[in-house]
Amino acid sequence: MNRLFVFGMGYAAGHLAALLQGRGWSVTGTTRDGRGGTLRFDDRERVAAEIATATHILSSVPPAGEVDPVLVAYGAQLAQSQAWLGYLSSTGVYGDTGGAWVDETAPIGSGRRAARAAADAEWQALDARVFRLPGIYGPGRSPIDRVRAGRAHRVGLPGQVFSRVHIADIVSGVIAGFAGPAGPYNLSDDFPCDQDAVVSYAATLAGVAPPPLVPLESLSDAARGFYAENRRVANGKAKRVLGWRPRYPDYRLGLRALSAMTSPSAVTPAPAPASSDQR
């Protein structure tokens, strides 16, 4: 039996686990507190036993401060494992490119994500498949949800461009990586664009007015750091090497699919009873 062990059973890993369990896989993983039937991350004995029996190991745990907690605690055992290794990284490792396209050949570590870039490189040294992800959206975690909750905003920065990826395309990309060679892969859509356009389209689908423009200075430090970077992420390597294709190659398709999942169905009259000569 294929056995996946996940460090950090969060949003992305949870969607992957649900799909693989439906295909007959055994999936276990960690959280900090052991909620939902997971293991506590610091339960060293039980985690070590899972690592020893896993056929596939994936980490979605971000750095803590300057270090990767998974590699600090379990790196020596992972280095000895014969399992497939995967790591969910971030396209933030590329830093700001002034809106230019960037692929896996670009240097990493020049931006605000120095710790993430270091972890990315360490996982590559373990021969892991490193999946670099831009802005993630999906059910319960999308611009439509933020618009409906009144938490969305626009900032009006001309020329500011970002890439994003639907959760279903992360899952399919990781699965495609099961048969692919080790190394980094960008999993992103085909249509980078400015965040204001995405928010405005989400508002249209939600049937509400676009949120007002707010000054950049009014945002949190984290949000300002987000807007300080500007890049387009190329996904050609994942397509070429893994045979992966995004189901949602642009945000409009992805948001329409999410809207269809959450919008109420139209109420229509029941059909007339069939006559006796209808089969």
# chains A, B, ... in the order shown; residues from 1 in each chain; ligands from 1
call {"tool": "select_by_dssp", "arguments": {"residues": "range 169-239 of chain A", "states": "helix (DSSP H, G or I)", "output": "number ranges by chain"}}
result
A: 169-177, 195-206, 216-218, 221-227, 236-239
call {"tool": "closest_atom_pairs", "arguments": {"of": "range 140-194 of chain A", "to": "range 105-115 of chain A", "cutoff": "12 Å", "atoms": "only C-alpha atoms", "output": "CSV"}}
result
residue,atom,partner,partner_atom,distance
A:Gly183,CA,A:Thr105,CA,10.9
A:Pro184,CA,A:Thr105,CA,9.2
A:Tyr185,CA,A:Thr105,CA,10.2
A:Asn186,CA,A:Thr105,CA,10.7
call {"tool": "residues_around", "arguments": {"residues": "Ile57 in chain A", "least_positions_apart": "6", "cutoff": "9 Å", "atoms": "only C-alpha atoms", "output": "PyMOL selection string"}}
result
chain A and resi 3-7+51+78+83-87
call {"tool": "residues_around", "arguments": {"residues": "range 42-47 of chain A", "least_positions_apart": "6", "cutoff": "12 Å", "atoms": "only C-alpha atoms", "output": "VMD selection string"}}
result
chain A and resid 5 to 8 28 to 34 53 to 54 57 69 to 70 72 to 74 77 to 78
call {"tool": "closest_residue", "arguments": {"among": "A:Ile136, A:Met1, A:Val171, A:Ala64", "to": "Leu19 in chain A", "atoms": "only C-alpha atoms"}}
result
A:Val171
call {"tool": "residues_around", "arguments": {"residues": "range 214-224 of chain A", "least_positions_apart": "5", "cutoff": "8 Å", "atoms": "only C-alpha atoms", "output": "NGL selection string"}}
result
:A and (153-156)
call {"tool": "atom_distance", "arguments": {"atom1": "CA of Asn2 in chain A", "atom2": "CA of Ala17 in chain A"}}
result
12.0 Å
